[in-house]
Structures are given as C-alpha cells and as structure tokens.
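Engineer: This is the structure I have questions about; it appears just below.
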Amino acid sequence: MTWLGISLVLIVMGGVSAAALSRRPALGEMLFRLLFGAGCLTGAALALAVLAGAAVPDASLPAAAPFGAWVFGLDSLSAVFLLAILSVGAACAFYGLTYLAHQRGHRAIGAAHLLLALLVTALALAVAARAAVPFLIAWEGMAVAAYFLVVLEHERPEVRRAGMIYVVATHVGTLTLFALFASWAAGTGDLSFAGLAAHPPFSTGRTGMLLVLALVAFGLKAGAVPFHFWLPEAHAAAPAHVSALMSGIVIKMGVYGLMRVVVLFGPPPPWWGWVVLALGACSGVLGVVWALAQHDIKRLLAFHSVENIGIILLGIGAGALGMAYGHPVIAVLGFAGAALHTFNHALFKSLLFLGAGSVIHATGTRDVDRLGGLARRMPITAAAFLIGAAAIVGLPPLNGFVSEWVVYQALLRGASTGDAMQVAGLAAAALALIGALALACFVKVVGALFLGTARDSVADAAREPARGMLRPQVGLAVACVVIGLSPIAVVPPALRVGSLVAGLPSGAAGGGLQIDAAAGPATVFALALAVGLLAAWTLRGAFGRRQRRLEAATWGCGYARPSPRMAYTASSFAAPLLGAFRSVAGVRPDHTPTTFATHVIDPVLDRAILPAWHGVRTAATRLRPIQRGGLSQYLLYVVAAVVTVLLYLLVAGRHP
Amino acid sequence: MTPEGLVALGIVGVTAPLVPGIAVKTKSLLTGRRGAPVLQLYYDLWKLIRKGTVYSRTTTWVFRAGPVVVLASLIVAALFLPLDGRGAPVAFAGDVVAFAGLVALGRFALVLAGLDTGSSFEGMGASREVTIASFAEPTLFLCFIALVLATGDLSLSGMLGTPLAAAWPRAGASLSLVGISLFVLLLAENSRVPVDDPATHLELTMIHEVIVLDHSGPDLALILYGSALKLTLFGVLVVSVFVPRAGLSGPAAVAVLLAGLAVVAVAVGVVESVMARLRLTRVPQLLVGAAALALFGIVLQVH
Amino acid sequence: MHGAAHLVLLLVVLSDLAILGTTRLSSCIRGLAAQGWLLGLLALLLAPRLSVHAVGLALGTVVVKAIVLPWFLSRAIREAAVRREIEPLVGFIASQLLGALAVALAFAIASRLPLPTVQHPLLVPVSLATLMIGFIVLTTRRKALTQVVGYLILENGIYLFGLTQTESVPFLIEVGVLLDVFVGVFIMGIVVFHINREFDSLDATRLTELTD
C-alpha cells in the first residue's frame, strides 16, 4: 500500500507543479509529465502485480479518524480498476497538456491540470478504500473535481446547464450512498467493509431496500438507463480529454460499486440479477439507438457509453444470476466479462473521445453531417479512430471482441442450465442486437468523419494535431490491438476478478474452468486472423504492383457533375434504422422536399425530469412569501415550531 | 487442425462459386430461359483477375483494404465450420461468437469501403446493409441459442457435429424451425430475393451491388468470390442443421454436404423465381418473423 | 399418430405467426383456412378411436372453418375492396414480437396449469398461444375484416382447448362450431351493408370522441 501512496503523492505533486508554475509553463508541464507519469507507472506496476496474484496487506490509518479506522486495500477487483484509472488517466492528462495549450492566457489551464490530477487521485482512493467513510470522501472528491472540469468552458450556457444537471444527478447518487451505508451498518455500527461483509443476514425487506439503493446510487454514476440523463450532457460539454476520462473511467465507478456490493453482500437474491440483466439490455439497446440519432460527435460517443454500460450490466446480471441459481462457472464468467469489458471500454472509449477531440480541434465543429474526408488530412488520427471503432463494435481481433466473447459465453451457458436461468440466455440475442446496431452507428461515424468528401468547407484547413495529442491516441490504439491479440494473457486475470466477485476461491478460476482452456485457441485464432489479414494485404499489394491502375472520379451512375453536397449524410445513413426503432428513438424527422434532418429528444430528461423540475420550481416560487427576511417573522416561525412540537408531545402523551 | 478438415475446406472453397451459379441457373430454367452457364462466376473471376483497376480519387487505403478484409475474414470464419460433420479445423468454446464476429468484420470492411467513395448511392447501399444486418444478427444468435439448448455445446463443431445428430430425435421440430430461420438469414445476409435482387438494374433499389459499384478488376474479383463464399458458409450452416453427418466417413460427409449445398442453391433459385423483392421497410419484418421462428424453436425445447 | 399430431400442432402455431405477420388480407384468410384444415385433421388425430362422431366433427370443422368462412371472408374483401391492413394500432414488427412473446408465455403458463393429463402435451400451450395471438390480432388491427379474422383465431384457440375435454363434455366442440355460423352471418353483414372501412362503432379509439 505504501507504493500506492507514493504513486498518488507523485500524481498530486505533478498537478500542483503544473498549477504553481503557470508563469513558466514549459517547466511546469515538464514537471507535470515527469511526476504524473512516474506516479501512474508506479501505481500501474502495483496493480499489475496484484492482478498477477501478489497479495498486498491492507493499510489502516490511525483509529483517531472519525467513524472507525480508515482502511485501504488492494485486491484484484480494485487492481483492474486502478490499472484502468492510471493508464487512461495518463493518456488523458498528456493529451490535455497539448489540447488546452492554445487556451493559455485566457483560462487557468494550470488549475485544470491540477484538477485532473486530483480527479485521478480520488478515483484511485475510491477503488482502494475499504471502509465507507474514506470511500464516500473519495467519491465526493471525484464528483467535485469532475464537476469543475466539466464546466471548464463555463462561458457557454449549455456547459453551465450540463454542469448543473451533472451536479444534481451525482449528489442524488451520493445521498443514496449515504442511505445505503447507513442502513447497512444500522445494526452493528461498523462502517468498515469488513464489518459490512460480516453483517448478519438481513430480512427480505432490508435486503430489497439495500440492493435497490445500491442499484440507484451506482446506476446513477454508471449512467444506466433510466439514470443516464446527465451523461450525454456532461460528456458533451467537457473538454475532450475530460470527456475521455469521464466516459472511460468515472462512470465505471458505478460498475465498481455494484461489483463491490456483490462482494460484500454475498449471493444476491435472483430478482436482483434479473433487474440488473433487464437494465443492461435496456441500456444497451436504447443507448445505441439514441446514439444512432445523434449528430454531435461527442453526444454520440456519450450515448455509446450508456450502451457499453449496458453490456457490462449484462455481464454483472448473468454473474448475479449464476450466483443466485448456483452455477459458479456462469457467475465467474459473467463478472469476469464485466470486469474485462470495463477495462477494454476504458481504453477504446477514451481513444474515441481523444480522436473526436482532435477532429473538433482541427475543424472547429462537432456536427458529423458537416464533416468528411478527414482520413486524407489526418491519417494517423483516422487509423487510431478506426481501430477504436472496430474495438467498440466488438470485432475480432481487437479487445472489445475478447470481453464480449466472455460475456456471450456466460449468457449462452445460462441457456443450457435447465432452470430459470435459461431465460437469461435470451440476453445473448439482445447483445447481438446491440453489437449489430453499434456496428451501424460506428460505420456512420467513421464514414461521416473520415471517409468520402466533406460536405462543408470546415474540413479544408484540417490537419493532423501536434504529437502531444497523437501519441496518447496511438498508445491507446496499440493497447486495444495487443489485448485483442492476447486473450490468453488477459482472460485468466479477469477470471480471477470474476471468482473474487463470485465469492469463490481464486484457484477455482485457474484450472477447473473450461473457459481457461478456450483462451489458448482464442489467442491462436486472433493471431491467425491478424497474420492472415496482414498476409492478404501484402499479397494484394505485391499483386497490385504488376497491374495497371487508373485514377478517376467516383462512378456517379452516369451523373456527370457530382458535388460533395451529394454525399450521403450521417442523418440519412441512420434514417432507416431509426425508422424501424421509431417507437423508442425519440426522433422527430424534419424534412422539406430537398433537405432532411432529424431532431432528438431524450425521453427521460426532456419528458420526465425537466418537467418535474419545473414543477418543483413553480411550487417553490409559491412558497417564497414566507421568506420575507424580517427577523421577528423568523423568530415567530421558531416559536411556532417549538409550540407545535410541545403540542404534539402533549397530545401523544409521551415524554422524551 | 486435421489435414482432412483442410482438404474439405479446400474442396468447399473451390466449389463455392458454383452455389450462386446453380441458383441463377435454376431461376433461368424456371422462368423459361436458358440462362448463363453454371460456371459463369469462374469465367468472371478469371477475367477480372487479369484486368487493371480504377480507383476513385476520393478513396483512401480503407477502400483498398475492404475487399482483402472481406475475403480474409470469411476464410477464417470457414475454419470454424465442421465440414466433415464431426469437427472443424479450429474449435473452442464460444467460437460461435467468433464466427458471427468475423461475418461482422467482413461487413464492416465492405461497408466502409463503400462509404470511402463518397458516392450517395454507395452510402445508401451501406445504410441498407447495416440496417438489415441489425435485424439479422440477433436472429442468428437466437438460432445459436436454440442449438446450444439442443446440444449443450458452445462451439460450432459441437453444435453442428456429433451432439446435433444425437439431438435430432429429441428436438427435431425445434431444429427444423432453426433450419428454416437460418435459410431466411441466408437469403438476407447474402442479398438474395426477397431482401435484395442480385439481378436488379437500378442503383436505387440495390443493396449489395450498389456498395461495390466502384470496385473493379482484382478487387471486384475478391468481392465476388467473397459473396459466393459467404453464401456457401450460410449454406453449410443450413445443411448441417438439417443433415447431421456425424455418422458418415469423412469423404462421404463432404459429398453429402456438397449435395446439400446444391439443394440449398436450387431452393434459393426457386425462391427467387416465385417471390418478388420485398419493399425495404418490409425486410425487418421478414427477419423478425425468422427470429420468431427461432424463438419458437427455443420455447419448444425449454418446455 | 402422436408424431403427426405434434407436427399439426406446430403448424397451427406457425399459421398463427404467419397471420400475425402478413399485411395482405387475402394471405390472412388463406392462413385462416389452412388453420381450419389443421384443426379438422387434429380432431381426427386426437380422437381416442375412429368413430362416426369423430369423423363428423372433423368434417364439420373443415367445412365451416376451412371452406365456408374463408369463402365468406374472401367474398367480403372482394365486395368491400380492401386489400391491406394499412395502419395497425401496433406496428407489424412489434405485433410479431408480441406474438413470439405470447407463444413463449403460453408454453410457460401451460406447464404450470393444474390440468389432468391430456391427449397431447402440446395441446394446451398451443391452444393458449392461439388464443393470445387471436386476441392480439383482434385488438391491434383497425380493419373490421382483420378483426373478424382475429376473432376467428381466438375462437380456434377455444376450439383447441375444447379438444382436451372431448371425453367429458362432448358437446363443447359442437357448440364452438355453431358459434362459427354466427360469425358467418356477421361477415355477411359486412358484405351486405358494404362496410368497407373500419367499424366506427367497434373502433375503441373513436369512443374517446364522445366527450363533450
């Protein structure tokens, strides 16, 4: 644990030096790079060691801390999240240095770097906390740091609105967490995780309340439907590297929370598994359908986070059901798939957000309908983005495929169990629908941003960003490919995490499970596919050198004067699918004889929460007259309250 | 990875262009025409390989990579199919997911190559292709779930191999429904009538043909061979579900498979002769119908 | 015998799903006629022995359900010149999914019903599925004719359920077949009065216009 402390201190020092040396930015940034990088490397090495099987003893702060000792620890579940936090955190922080550089002078970017360092630290502390109080403090620190980063460009009204929605949503979540821990420990008063885990069995009602509270609190953080409403707003408003960190890591804390609750609670009742599975299927399908309807590239990517949280919840749901119905293999596979997909999604979603940031940086617009043809001007960004897109769609041989493969196995094995769990097998079809729709959506994005021709002049001046922004993208893309090519290296640690969450001895994942045996051939398959693709590409190139080649205009089917305006827009591309899903898409098509556009309404935010909010505000306005500001009036209120209480005691006839 | 398996793969690979040939011939004969020779696709491929290529100025490496990835992914997908009725060259638990993933990878590459030309026709074709695939893929997985239920195995070698033969007496009705559903998928995934008309002449009504408008020469040859191979792979799925060949010797199993593929090709031709192409908005309904069949197959087994 | 009945029962469900998925009224009616033949066959296959009563029942079923009613219905669509169900209340994809769910639900419920053993294990789930799908067609379509088709499917479901009780209540089925005659009169009403659009009075959505 000392090493984790050192790592976090280095990270914070990096942030402080960037903020303190804002007069000498070159030195400050160099120190930031050095210290932050060193901190992340230390912590990542520790996380890798834990994932490889090393045991780290818990560390406890002196017992003078309020509400019991502050315990910190690191098991494989924490380690997999820590690794994601530090690697993606480093990529985003380094990207941010270059991304924010042009705003130097009119914005306190040193403070932004410090906030990012604090956010990463809070995240790391949240996954390492082993008692409710430090967990809540880290959780709140993370929410506050993220809030300030979201509203970095606070001069834009939509950013302030997004920040407001975010801060309300996250605090509702935190309050729910308070309720969760308070009612969990109500009998014993022991707020350490060990104390929570050792709690005597609850009554059915208490169990239900605790698990629903956990679902609401962590579902809000994760952005699962119907708690997703804050997510696209906040992620679209933040600067690109902050969006990447939020979509890649911050929302995953909800996933971490759910898995930690399962660890502490033990086997949940079946209904909880079904609810999580259903939430997962809804989030997955609705997330991707809503993503299809978006034109703003960042909102689109944010909705894909909702979708991927859905996939992760499918894994957690399958795992919980496996525990509830007594199928340890399915339980391990479900949680392992969820953990691995969490990690993989952190990599490729941050990669996609960074790529989108580069595009926005180069063209100044986030509207996919106006862009196009950027693959010629920004080849490296385009290639990295393409890899991220193929990975998020779950195509072999990339990392998204590996984790979806594990989740699919959990669901398909569920189908052949012969008890109620069989119904869960149908979720595999939902996962297939999610995958196919995601493919449609990312074909749309890649096509609209990078391929074909631009429909607008904004793309004319675009060029590749500075190396400081390219390197993090390339690094993340390489990580996606490497994990995709080596299931044998990543599946066993994921299975260890899975068996930890499922409450099985870690040895159970080592030899006994069939899936371990499948990781080897799966690796061979991935490598063979990669080699086959490369070989085919090389052969085609060699063959192509001996043949005649011509360059010409795109065949316009006899039309002689094609113009870029004729290129198929992203809106048109998505229209048939949105038509098929119109009952859930919330899209209003808007067309005249010569134009076609679509407008998107978020069913939860625009139809439920904002009207309710306005209702509350109107009601609150009516109450305003009682607050006139006169002291005597307030004193009267106090006296009235005391008299009321006394009267109540008199009537009730009880003495305190 | 057995040598017999690879030989079987080679035989199926060489005969793949026959499958669309037989379908076209059937259609011609049924509509009273003589039709193109059954070997026409071989002539076309040989002609295209010797030609030069024309690339649009708009295109990038994505366009050039498209045909290569399409074919490579389909060949790797073929490695998972138990062609000799017992085991595939490559098999592991959950390789059904890899099979579906490879088909999706091929589609991803093909569609992006189409979008790379910037033509509105190819964008339209790409949009339709991914729309149809969005309904086809869940249906494919429903079929896989039914097969998992019948055989208890998570790899294609098991689902379509020995355990399937043992499951037929028990779950025959369900497996027939799955087979029919897979046949509908074959029509949809390979752009055949009633989903798409491979013989159409109007770009606005095309799906597959319009995506590959700009491919020429050897690139087009790769794509044409890739479509024939994809049709064959789905044909192998259909034949394997209806005719489990685990009891036969290797060569006999491959011979039965080839005969079955010919029957499937004739069936495709018959469907093309008796049906008109559906309106595009009707296509999802057809696939949902196929999904309902597969779901019914699942329900019958759970019952 | 058992295997043949199994096949026929599966085909009944498939005809349900087909009717649910088709837009063309003539295909709907063809599906209904096919279902009539299947039901007649089933009455024969499930009879404990080949008696005059069983043959008579089968013949009556086929004549009424597979020949007369479809003929009436086709005449009605010719007279009323309706070809397609244009805008159902629930889309075709959604109603097909609903139908698939109904089948799953029927099988799940049937395995939990406290029923004595019947002639065939699939009979009860198939009758429930047919009932539910008939109900879906009846409630989600706008055209009077499709609603009649829905009613007939619903009624076929009851007929199937009645088949389980032929031993104890032999009249049940005959009463069911008689009910069909009433429907025949009903369809003739459509023909005679040239009601070529929806029944205004039957369309529940219109009832809301009654408010003042």
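Order determines the names: the first chain of the structure tokens is A, the second B, and so forth; residues in each chain are numbered 1 upward, and ligands are numbered 1 upward as they are shown.
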Need the shell around C:Val13: protein/DNA/RNA residues with any atom at most 8 Å away, counting only C-alpha atoms. Skip same-chain ones fewer than 3 positions apart. Format as a list of chain:residue names?

Structural biologist: C:Leu9, C:Leu10, C:Asp16, C:Leu17, C:Val126, C:Ala129, C:Thr130

Engineer: For C:Gly157, list every protein, DNA or RNA residue within 8 Å, evaluated using only C-alpha atoms, and leave out those in the same chain fewer than 2 positions away; present the list as a list in words.

Structural biologist: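 Listed by chain and then number, they are Val126, Ser127, Leu128, Ala129, Thr130, Leu131, Gly134, Ile153, Leu154, Glu155, Tyr159, Leu160 and Phe161 of chain C.
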
Engineer: Applying 10 Å and only C-alpha atoms, which residues near A:Thr188 remain after dropping the ones on its own chain fewer than 3 positions away? List them as a VMD selection string.

Structural biologist: chain A and resid 184 to 185 191 195 to 196 198 to 200

Engineer: Output N, CA and C atoms for every residue in the selection just made, as a short mmCIF file (atom, residue, chain, number, x, y, z; two decimals), in the first residue's frame.

Structural biologist:
```cif
data_model
loop_
_atom_site.label_atom_id
_atom_site.label_comp_id
_atom_site.auth_asym_id
_atom_site.auth_seq_id
_atom_site.Cartn_x
_atom_site.Cartn_y
_atom_site.Cartn_z
N TRP A 184 -27.13 -0.16 5.99
CA TRP A 184 -26.41 -1.42 6.01
C TRP A 184 -25.79 -1.66 7.39
N ALA A 185 -25.20 -0.57 7.93
CA ALA A 185 -24.48 -0.72 9.20
C ALA A 185 -25.36 -0.40 10.40
N LEU A 191 -18.59 0.60 10.10
CA LEU A 191 -18.66 1.08 8.74
C LEU A 191 -17.51 0.60 7.86
N GLY A 195 -16.57 -5.03 8.22
CA GLY A 195 -17.73 -5.06 9.10
C GLY A 195 -19.02 -5.23 8.31
N LEU A 196 -19.13 -4.53 7.17
CA LEU A 196 -20.33 -4.66 6.34
C LEU A 196 -20.48 -6.09 5.83
N ALA A 198 -19.36 -8.76 7.22
CA ALA A 198 -19.63 -9.71 8.30
C ALA A 198 -21.01 -9.52 8.91
N HIS A 199 -21.81 -8.64 8.33
CA HIS A 199 -23.12 -8.35 8.89
C HIS A 199 -23.98 -9.62 8.88
N PRO A 200 -24.76 -9.83 9.97
CA PRO A 200 -25.65 -11.00 9.96
C PRO A 200 -26.68 -10.86 8.83
#
```

Engineer: Using only C-alpha atoms, what does the table of chain B residues within 6 Å of chain A look like, with each row giving the shortest atom pair and its distance in Å to one decimal, sorted by chain and ascending number, as a Markdown table?

Structural biologist:
```
| residue | atom | partner | partner_atom | distance |
| --- | --- | --- | --- | --- |
| B:Gly52 | CA | A:Arg548 | CA | 4.5 |
| B:Thr53 | CA | A:Arg549 | CA | 5.0 |
| B:Val54 | CA | A:Leu550 | CA | 4.6 |
| B:Tyr55 | CA | A:Glu551 | CA | 5.0 |
| B:Ser56 | CA | A:Thr554 | CA | 4.8 |
| B:Arg57 | CA | A:Ala553 | CA | 5.6 |
| B:Phe92 | CA | A:Ala518 | CA | 5.3 |
| B:Ala93 | CA | A:Ala518 | CA | 5.7 |
| B:Gly94 | CA | A:Gln409 | CA | 5.9 |
| B:Gly101 | CA | A:Leu395 | CA | 5.4 |
| B:Leu105 | CA | A:Leu395 | CA | 5.8 |
| B:Leu115 | CA | A:Gly447 | CA | 5.7 |
| B:Asp116 | CA | A:Gly452 | CA | 4.6 |
| B:Thr117 | CA | A:Gly452 | CA | 5.2 |
| B:Gly118 | CA | A:Gly452 | CA | 3.6 |
| B:Ser119 | CA | A:Ala567 | CA | 5.5 |
| B:Ser120 | CA | A:Tyr568 | CA | 4.6 |
| B:Gly123 | CA | A:Tyr568 | CA | 5.3 |
| B:Ser127 | CA | A:Phe573 | CA | 5.0 |
| B:Val130 | CA | A:Ala440 | CA | 5.3 |
| B:Thr131 | CA | A:Leu577 | CA | 5.5 |
| B:Ser134 | CA | A:Ala436 | CA | 4.7 |
| B:Glu137 | CA | A:Ala432 | CA | 5.8 |
| B:Pro138 | CA | A:Ala429 | CA | 4.7 |
| B:Phe141 | CA | A:Ala429 | CA | 5.3 |
| B:Leu142 | CA | A:Ala429 | CA | 5.8 |
| B:Leu149 | CA | A:Ser416 | CA | 5.2 |
| B:Gly152 | CA | A:Ser416 | CA | 5.8 |
```

Engineer: Write to file, as a compact mmCIF listing (two decimals), in the first residue's frame, the residues of the selection just made, with N, CA and C atoms.

Structural biologist:
```
# COMPACT_ATOMS: atom_id res chain seq x y z
N GLY B 52 -6.92 -4.47 -65.08
CA GLY B 52 -6.38 -3.42 -64.23
C GLY B 52 -7.47 -2.90 -63.31
N THR B 53 -7.11 -1.94 -62.44
CA THR B 53 -8.10 -1.40 -61.51
C THR B 53 -8.25 0.09 -61.73
N VAL B 54 -9.42 0.59 -61.44
CA VAL B 54 -9.67 2.02 -61.43
C VAL B 54 -10.02 2.41 -60.00
N TYR B 55 -9.28 3.36 -59.45
CA TYR B 55 -9.59 3.83 -58.10
C TYR B 55 -10.13 5.24 -58.17
N SER B 56 -11.14 5.50 -57.38
CA SER B 56 -11.67 6.86 -57.33
C SER B 56 -10.67 7.76 -56.61
N ARG B 57 -10.60 9.01 -57.03
CA ARG B 57 -9.66 9.96 -56.40
C ARG B 57 -10.05 10.24 -54.96
N PHE B 92 -13.19 -23.90 -30.39
CA PHE B 92 -13.06 -23.66 -28.96
C PHE B 92 -14.41 -23.21 -28.43
N ALA B 93 -14.58 -23.29 -27.10
CA ALA B 93 -15.86 -22.91 -26.52
C ALA B 93 -16.15 -21.46 -26.87
N GLY B 94 -17.32 -21.21 -27.39
CA GLY B 94 -17.69 -19.84 -27.73
C GLY B 94 -17.23 -19.40 -29.09
N GLY B 101 -18.63 -12.67 -35.27
CA GLY B 101 -17.76 -11.50 -35.29
C GLY B 101 -17.03 -11.37 -36.62
N LEU B 105 -17.06 -8.44 -39.19
CA LEU B 105 -15.84 -7.76 -39.62
C LEU B 105 -15.84 -7.57 -41.13
N LEU B 115 -18.42 3.53 -48.29
CA LEU B 115 -18.55 4.93 -47.87
C LEU B 115 -17.33 5.75 -48.29
N ASP B 116 -16.19 5.07 -48.46
CA ASP B 116 -14.96 5.79 -48.78
C ASP B 116 -15.04 6.47 -50.15
N THR B 117 -15.95 6.01 -51.01
CA THR B 117 -16.03 6.62 -52.33
C THR B 117 -16.77 7.95 -52.30
N GLY B 118 -17.53 8.19 -51.23
CA GLY B 118 -18.26 9.46 -51.13
C GLY B 118 -19.47 9.53 -52.03
N SER B 119 -19.80 8.42 -52.70
CA SER B 119 -20.96 8.43 -53.59
C SER B 119 -22.22 8.24 -52.77
N SER B 120 -23.29 8.96 -53.15
CA SER B 120 -24.52 8.82 -52.36
C SER B 120 -25.14 7.45 -52.57
N GLY B 123 -23.38 5.13 -50.24
CA GLY B 123 -23.81 5.42 -48.88
C GLY B 123 -25.17 4.81 -48.59
N SER B 127 -26.03 2.00 -45.86
CA SER B 127 -27.05 2.21 -44.84
C SER B 127 -28.01 1.03 -44.80
N VAL B 130 -26.32 -2.24 -43.29
CA VAL B 130 -26.20 -2.31 -41.83
C VAL B 130 -27.58 -2.39 -41.17
N THR B 131 -28.60 -1.78 -41.82
CA THR B 131 -29.94 -1.89 -41.25
C THR B 131 -30.40 -3.34 -41.23
N SER B 134 -28.63 -5.44 -38.73
CA SER B 134 -29.03 -5.23 -37.34
C SER B 134 -30.15 -6.16 -36.94
N GLU B 137 -28.52 -10.20 -37.19
CA GLU B 137 -27.60 -10.74 -36.20
C GLU B 137 -28.30 -11.30 -34.96
N PRO B 138 -29.28 -10.58 -34.37
CA PRO B 138 -29.99 -11.20 -33.24
C PRO B 138 -30.66 -12.51 -33.64
N PHE B 141 -28.23 -15.23 -33.57
CA PHE B 141 -27.91 -15.67 -32.21
C PHE B 141 -29.05 -16.45 -31.59
N LEU B 142 -30.30 -16.11 -31.95
CA LEU B 142 -31.42 -16.92 -31.46
C LEU B 142 -31.27 -18.35 -31.98
N LEU B 149 -29.08 -25.07 -26.76
CA LEU B 149 -30.04 -25.82 -25.95
C LEU B 149 -30.10 -27.27 -26.39
N GLY B 152 -26.03 -28.53 -25.95
CA GLY B 152 -25.26 -28.24 -24.75
C GLY B 152 -23.82 -27.87 -25.04
```

Engineer: Please run DSSP on the backbone and report, as a ChimeraX atom specification, all residues within stretch 31-157 of chain C that come out as helix (DSSP H, G or I).

Structural biologist: /C:31-46,52-80,92-110,123-140,144-157

Engineer: May I ask which of the residues A:Arg582, A:Leu277, A:Arg607, A:Ala145 is the closest one to chain C, counting only C-alpha atoms?

Structural biologist: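 Comparing A:Arg582, A:Leu277, A:Arg607, A:Ala145 against chain C, the winner is A:Arg582.
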
Engineer: Using 9 Å as the limit and counting only C-alpha atoms, can you tabulate each residue of chain B that touches chain C, with its shortest atom-to-atom distance in Å and the two atoms involved, as a tab-separated table?

Structural biologist:
```
residue	atom	partner	partner_atom	distance
B:Ala173	CA	C:Leu7	CA	7.6
B:Pro284	CA	C:Ile93	CA	7.4
B:Gln285	CA	C:Ile93	CA	5.3
B:Leu286	CA	C:Gly21	CA	8.2
B:Val288	CA	C:Ile93	CA	6.5
B:Gly289	CA	C:Gln96	CA	6.8
B:Ala291	CA	C:Ala100	CA	8.6
B:Ala292	CA	C:Ala100	CA	5.3
B:Leu293	CA	C:Leu14	CA	7.9
B:Leu295	CA	C:Ala100	CA	6.9
B:Phe296	CA	C:Ala100	CA	6.9
B:Ile298	CA	C:Ala104	CA	8.8
B:Val299	CA	C:Ala104	CA	5.8
B:Leu300	CA	C:Phe107	CA	7.9
B:Val302	CA	C:Phe107	CA	8.8
B:His303	CA	C:Phe107	CA	6.3
```

Engineer: Skip stretch 349-357 of chain A itself and residues of its chain fewer than 5 positions away, then list as a VMD selection string all residues within 10 Å of it, counting only C-alpha atoms.

Structural biologist: chain A and resid 88 to 89 91 to 92 95 to 96 99 235 to 236 239 to 249 297 to 298 301 to 302 304 to 305 308 344 362 to 364 366 380 to 389 391 to 392 449 465 469 to 470 472 to 477 480

Engineer: Counting only C-alpha atoms, which residue out of A:Thr121, A:Ser457, A:Ser583, A:Asn399 sits closest to chain C?

Structural biologist: A:Ser583

Engineer: Would you mind listing what lies within 9 Å of stretch 123-137 of chain A as a VMD selection string, with only C-alpha atoms counted and same-chain residues fewer than 6 positions away left out?

Structural biologist: chain A and resid 4 8 58 66 to 75 77 to 79 81 to 82 85 to 86 174 177 to 178 181 191 to 196 249 to 250 253 256 to 257

Engineer: One number please: atom CA of A:Glu233 to atom CA of A:His113, in Å, one decimal.

Structural biologist: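 Between atom CA of A:Glu233 and atom CA of A:His113 the gap works out to 22.0 Å.
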
Engineer: Can you list every residue in stretch 40-289 of chain B that DSSP puts in strand (DSSP E), as a PDB file with N, CA and C atoms, in the first residue's frame?

Structural biologist:
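What landed in out_1.pdb:
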```
ATOM      1  N   THR B  53      -7.107  -1.937 -62.438  1.00  0.00           N
ATOM      2  CA  THR B  53      -8.103  -1.396 -61.511  1.00  0.00           C
ATOM      3  C   THR B  53      -8.254   0.090 -61.728  1.00  0.00           C
ATOM      4  N   VAL B  54      -9.423   0.585 -61.440  1.00  0.00           N
ATOM      5  CA  VAL B  54      -9.674   2.024 -61.430  1.00  0.00           C
ATOM      6  C   VAL B  54     -10.021   2.406 -59.998  1.00  0.00           C
ATOM      7  N   TYR B  55      -9.282   3.362 -59.451  1.00  0.00           N
ATOM      8  CA  TYR B  55      -9.587   3.828 -58.097  1.00  0.00           C
ATOM      9  C   TYR B  55     -10.128   5.244 -58.168  1.00  0.00           C
ATOM     10  N   SER B  56     -11.141   5.505 -57.383  1.00  0.00           N
ATOM     11  CA  SER B  56     -11.668   6.857 -57.329  1.00  0.00           C
ATOM     12  C   SER B  56     -10.667   7.761 -56.614  1.00  0.00           C
TER      13      SER B  56
END
```

Engineer: Could you check the closest approach to A:Ala424 for each of B:Leu175, B:Ile145, B:Leu156, B:Ala23 and tell me which residue wins, using only C-alpha atoms?

Structural biologist: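 For A:Ala424, the nearest of the candidates is B:Ile145.
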
Engineer: Taking only C-alpha atoms into account, name the residue in C:Val62, C:Ala54, C:Val90, C:Leu39 that is nearest to chain A.

Structural biologist: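 Closest to chain A, using only C-alpha atoms: C:Val90.
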
Engineer: What is the distance, in Å and to one decimal place, between atom CA of C:Leu163 and atom CA of C:Gly40?

Structural biologist: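 Going from atom CA of C:Leu163 over to atom CA of C:Gly40 covers 10.9 Å.
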
Engineer: Which residues are near C:Lys65? Cut-off 10 Å, only C-alpha atoms, ignore same chain within fewer than 3 positions. Put them as a ChimeraX atom specification.

Structural biologist: /C:32-40,59-62,68-71,152,156,177,180-181,184
